[in-house]
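Taking it in order: structure first as structure tokens, then the write-up.
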Amino acid sequence: MTTHLTLGPVLFNWSPEKLKDFYFRIADEAPVHTVFLGEVVCSKRQPFFAPHLPEVAERLTAAGKRVIFSSLALVLTKREVDLVRDLCTMDDVMVEANDLSACAQLIGKPHAIGPFVNIYNEGTRKVFEDQGATHISLAGELSRKSLAALAKDAKADLEVQIFGRQPLAISARCYHARSYGLAKDSCKYVCEKHTDGMDLDTLDGDPFLAVNGLQTLSYTCANLIGELADMQSMGIRHFRLSPQDTDMVEVANLYRSVLDGIAEPQSATEKLDDLVEGMPFANGFYYATEGVKAKGQIEEFGI
């Protein structure tokens, strides 16, 4: 069966100009099948890129990419409720729901479920399938055993994130702003200073997590390039690349080359390591253990 690379929504606060250039290059050069567009993390960022969305979506569609619009992962205010409602009621648009409020509005029509909606067992997966979900991006913390169980008899297309910092939590509070002594409502958009998220250390000075506005991410970069064949054997055919501030076209080319049997995972990982400039890789969630103890093809990954 055919395998597809997908590009998840940009989680970070990139400038509108940078985002536009990024997506135009993805349209023209990247071997990805589906591109997810939209602000997922913070609604305050949404107005800056919104005027460019129609042009970007048109460019991607003209290049043969499938476009899906992603909803917010946390809905708190009336304005955010209205944003989600407006998105979910648009005609001829495929929506990825990242919050249950979006799921409720999409019942009865084809839609996607994002990784921020927790689907951990077959029963939950079936509920969403029965409501109209045709594409489900599974949470990054699921182990191989859980993925295999969910893939069995699945009607929806299942997707797993194989590259990029893993979303771990999202909060009503903006720790990014607080780290600069600012309140959430007067944050001055300081998250734009960290295009891959702001690294956090433990009190002992060890790298631990990353913060992206309201969002907490893994410090490490997920890399399941060595597990692609195993996931394909389960029946998983869609693999998500979560954008980082690097050459994502080359990232996509490397994963595609492994999927197509042109390159080996180890050699591709060595090239990926150069692209992320030493950000450590992780595959621990897949093996339900600390990454340094994982027994995959690339054993040195950290969690």
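Following the order of the structure tokens, chains are lettered A, B, ..., residues in each are numbered from 1, and ligands are numbered from 1.
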Could you give me the residues within range 66-195 of chain A that DSSP places in alpha helix (DSSP H), as a ChimeraX atom specification?
/A:78-88,100-106,122-130,144-151,175-178
For the residues in the current selection, export N, CA, C and O atoms as a short mmCIF file (atom, residue, chain, number, x, y, z; two decimals), in the first residue's frame.
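Writing done, so here's part_3.cif:
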data_model
loop_
_atom_site.label_atom_id
_atom_site.label_comp_id
_atom_site.auth_asym_id
_atom_site.auth_seq_id
_atom_site.Cartn_x
_atom_site.Cartn_y
_atom_site.Cartn_z
N LYS A 78 -14.59 33.51 24.29
CA LYS A 78 -15.65 33.57 23.29
C LYS A 78 -15.06 33.76 21.89
O LYS A 78 -15.55 33.17 20.93
N ARG A 79 -14.03 34.57 21.79
CA ARG A 79 -13.40 34.77 20.49
C ARG A 79 -12.87 33.45 19.94
O ARG A 79 -12.99 33.16 18.75
N GLU A 80 -12.26 32.65 20.80
CA GLU A 80 -11.73 31.36 20.36
C GLU A 80 -12.85 30.40 19.98
O GLU A 80 -12.73 29.63 19.02
N VAL A 81 -13.95 30.43 20.73
CA VAL A 81 -15.12 29.62 20.38
C VAL A 81 -15.61 30.00 18.99
O VAL A 81 -15.92 29.14 18.15
N ASP A 82 -15.67 31.30 18.72
CA ASP A 82 -16.13 31.77 17.42
C ASP A 82 -15.17 31.37 16.30
O ASP A 82 -15.60 31.01 15.20
N LEU A 83 -13.87 31.43 16.58
CA LEU A 83 -12.88 31.03 15.57
C LEU A 83 -13.06 29.56 15.18
O LEU A 83 -13.04 29.21 14.00
N VAL A 84 -13.24 28.71 16.19
CA VAL A 84 -13.42 27.28 15.92
C VAL A 84 -14.72 27.03 15.19
O VAL A 84 -14.77 26.25 14.22
N ARG A 85 -15.79 27.70 15.61
CA ARG A 85 -17.09 27.52 14.95
C ARG A 85 -17.00 27.95 13.48
O ARG A 85 -17.51 27.26 12.59
N ASP A 86 -16.38 29.08 13.23
CA ASP A 86 -16.27 29.57 11.86
C ASP A 86 -15.49 28.58 10.99
O ASP A 86 -15.85 28.34 9.82
N LEU A 87 -14.42 28.01 11.54
CA LEU A 87 -13.63 27.05 10.79
C LEU A 87 -14.43 25.79 10.50
O LEU A 87 -14.44 25.29 9.37
N CYS A 88 -15.11 25.28 11.50
CA CYS A 88 -15.81 24.00 11.35
C CYS A 88 -17.05 24.10 10.47
O CYS A 88 -17.53 23.06 9.97
N LEU A 100 -12.10 19.03 21.74
CA LEU A 100 -13.41 18.37 21.67
C LEU A 100 -14.52 19.31 21.22
O LEU A 100 -15.53 18.87 20.67
N SER A 101 -14.34 20.61 21.44
CA SER A 101 -15.37 21.54 20.97
C SER A 101 -15.45 21.52 19.44
O SER A 101 -16.54 21.65 18.86
N ALA A 102 -14.31 21.35 18.78
CA ALA A 102 -14.31 21.22 17.32
C ALA A 102 -14.88 19.87 16.90
O ALA A 102 -15.64 19.79 15.93
N CYS A 103 -14.53 18.82 17.63
CA CYS A 103 -15.06 17.49 17.31
C CYS A 103 -16.58 17.49 17.30
O CYS A 103 -17.22 16.92 16.41
N ALA A 104 -17.18 18.16 18.28
CA ALA A 104 -18.63 18.18 18.40
C ALA A 104 -19.28 18.85 17.20
O ALA A 104 -20.36 18.46 16.76
N GLN A 105 -18.63 19.87 16.67
CA GLN A 105 -19.20 20.61 15.54
C GLN A 105 -18.97 19.91 14.21
O GLN A 105 -19.60 20.28 13.20
N LEU A 106 -18.12 18.91 14.18
CA LEU A 106 -17.80 18.22 12.93
C LEU A 106 -18.52 16.88 12.80
O LEU A 106 -18.36 16.19 11.79
N GLU A 122 -9.09 1.28 21.25
CA GLU A 122 -9.90 1.01 20.07
C GLU A 122 -11.32 1.53 20.20
O GLU A 122 -11.93 1.96 19.21
N GLY A 123 -11.88 1.47 21.41
CA GLY A 123 -13.24 1.95 21.61
C GLY A 123 -13.37 3.44 21.32
O GLY A 123 -14.32 3.88 20.65
N THR A 124 -12.42 4.22 21.83
CA THR A 124 -12.43 5.66 21.57
C THR A 124 -12.22 5.94 20.09
O THR A 124 -12.89 6.80 19.51
N ARG A 125 -11.30 5.22 19.48
CA ARG A 125 -11.07 5.38 18.04
C ARG A 125 -12.36 5.14 17.26
O ARG A 125 -12.71 5.91 16.36
N LYS A 126 -13.10 4.10 17.63
CA LYS A 126 -14.33 3.76 16.91
C LYS A 126 -15.40 4.84 17.09
O LYS A 126 -16.14 5.15 16.15
N VAL A 127 -15.47 5.43 18.27
CA VAL A 127 -16.45 6.50 18.50
C VAL A 127 -16.20 7.64 17.52
O VAL A 127 -17.12 8.16 16.88
N PHE A 128 -14.94 8.04 17.40
CA PHE A 128 -14.62 9.14 16.49
C PHE A 128 -14.82 8.74 15.03
O PHE A 128 -15.28 9.56 14.22
N GLU A 129 -14.50 7.50 14.69
CA GLU A 129 -14.76 7.04 13.33
C GLU A 129 -16.25 7.08 13.01
O GLU A 129 -16.66 7.52 11.93
N ASP A 130 -17.07 6.64 13.96
CA ASP A 130 -18.52 6.64 13.75
C ASP A 130 -19.07 8.06 13.61
O ASP A 130 -20.12 8.27 12.98
N ARG A 144 4.53 1.20 20.78
CA ARG A 144 4.34 0.32 19.64
C ARG A 144 3.15 -0.61 19.85
O ARG A 144 2.34 -0.83 18.95
N LYS A 145 3.04 -1.15 21.06
CA LYS A 145 1.94 -2.07 21.37
C LYS A 145 0.59 -1.38 21.20
O LYS A 145 -0.36 -1.94 20.62
N SER A 146 0.49 -0.13 21.67
CA SER A 146 -0.76 0.61 21.56
C SER A 146 -1.06 0.96 20.10
O SER A 146 -2.21 0.88 19.66
N LEU A 147 -0.02 1.34 19.37
CA LEU A 147 -0.22 1.68 17.96
C LEU A 147 -0.73 0.47 17.18
O LEU A 147 -1.63 0.58 16.34
N ALA A 148 -0.15 -0.68 17.46
CA ALA A 148 -0.57 -1.90 16.76
C ALA A 148 -2.03 -2.23 17.06
O ALA A 148 -2.79 -2.63 16.16
N ALA A 149 -2.44 -2.06 18.32
CA ALA A 149 -3.82 -2.35 18.69
C ALA A 149 -4.79 -1.38 18.01
O ALA A 149 -5.85 -1.77 17.54
N LEU A 150 -4.40 -0.11 17.96
CA LEU A 150 -5.25 0.89 17.34
C LEU A 150 -5.34 0.71 15.83
O LEU A 150 -6.37 1.01 15.21
N ALA A 151 -4.27 0.23 15.22
CA ALA A 151 -4.25 0.06 13.76
C ALA A 151 -5.10 -1.12 13.31
O ALA A 151 -5.58 -1.15 12.18
N TYR A 175 3.81 30.46 30.00
CA TYR A 175 5.08 30.44 30.72
C TYR A 175 6.17 31.15 29.92
O TYR A 175 7.14 31.64 30.49
N HIS A 176 6.02 31.20 28.63
CA HIS A 176 6.98 31.91 27.80
C HIS A 176 6.98 33.40 28.18
O HIS A 176 8.03 34.01 28.38
N ALA A 177 5.77 33.98 28.31
CA ALA A 177 5.67 35.38 28.71
C ALA A 177 6.17 35.58 30.13
O ALA A 177 6.91 36.53 30.42
N ARG A 178 5.79 34.67 31.02
CA ARG A 178 6.20 34.81 32.42
C ARG A 178 7.72 34.79 32.57
O ARG A 178 8.28 35.49 33.42
#
Near range 10-20 of chain A, counting only C-alpha atoms, which residues have an atom at most 6 Å away, once you skip same-chain residues fewer than 2 positions from it, shown as a ChimeraX atom specification?
/A:22-23,49,192,195,243
Please report as a Markdown table every residue of range 205-271 of chain A lying within 6 Å of range 160-166 of chain A, along with the nearest atom pair and their distance in Å (one decimal), using only C-alpha atoms.
| residue | atom | partner | partner_atom | distance |
| --- | --- | --- | --- | --- |
| A:Leu217 | CA | A:Gln166 | CA | 5.4 |
| A:Ser218 | CA | A:Gln166 | CA | 5.2 |
| A:Cys221 | CA | A:Arg165 | CA | 4.4 |
| A:Ala222 | CA | A:Phe163 | CA | 4.9 |
| A:Asn223 | CA | A:Phe163 | CA | 4.8 |
| A:Leu224 | CA | A:Ile162 | CA | 4.8 |
| A:Phe239 | CA | A:Val160 | CA | 5.1 |
| A:Arg240 | CA | A:Gln161 | CA | 4.3 |
| A:Leu241 | CA | A:Phe163 | CA | 4.9 |
| A:Ser242 | CA | A:Gly164 | CA | 4.8 |
For Leu272 in chain A, which residue out of A:Met234, A:Ala30, A:Leu168, A:Ile225 is the nearest one, using only C-alpha atoms?
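Checking each candidate against Leu272 in chain A, we get A:Ile225 as the closest.
If you measure from each of A:Thr246, A:Ser137, A:Thr89, A:Asn253 to Asp274 in chain A using only C-alpha atoms, the closest one turns out to be A:Thr246.
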Would you list, as a PyMOL selection string, the residues of range 80-194 of chain A that end up in strand (DSSP E) under DSSP run on this structure's backbone?
chain A and resi 95-97+111-113+133-137+157-170
Mind pulling up the distance from CA of Pro51 in chain A to CA of Ser171 in chain A?
26.8 Å
Using only C-alpha atoms, which residue out of A:Arg45, A:Arg59, A:Lys152, A:His111 lies closest to Ser233 in chain A?
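Using only C-alpha atoms, the shortest distance to Ser233 in chain A belongs to A:Lys152.
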I want to know what sits within 9 Å of Ala252 in chain A, based on only C-alpha atoms, with residues of the same chain fewer than 5 positions away left out; could you give that as a PyMOL selection string?
chain A and resi 5-7+30-32+241+247+257
Which residues, written as a list in words, have at least one atom at most 10 Å from range 259-269 of chain A, with only C-alpha atoms counted and residues fewer than 6 positions away on the same chain left out?
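Skipping anything fewer than 6 positions along the chain leaves Thr2, Thr3, His4, Leu5, Asn223, Leu224, Ile225, Gly226, Glu227, Leu228, Ala229, Gln232, Val251, Asn253, Leu275, Phe281, Gln297 and Ile298 of chain A.
If only C-alpha atoms are the atoms counted, then among A:Val67, A:Gln215, A:Leu203, A:Tyr189 the closest residue to Gln46 in chain A is A:Tyr189.
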Between CA of Thr220 in chain A and CA of Gln244 in chain A - distance in Å to one decimal
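Calculated distance between CA of Gln244 in chain A and CA of Thr220 in chain A is 11.7 Å.
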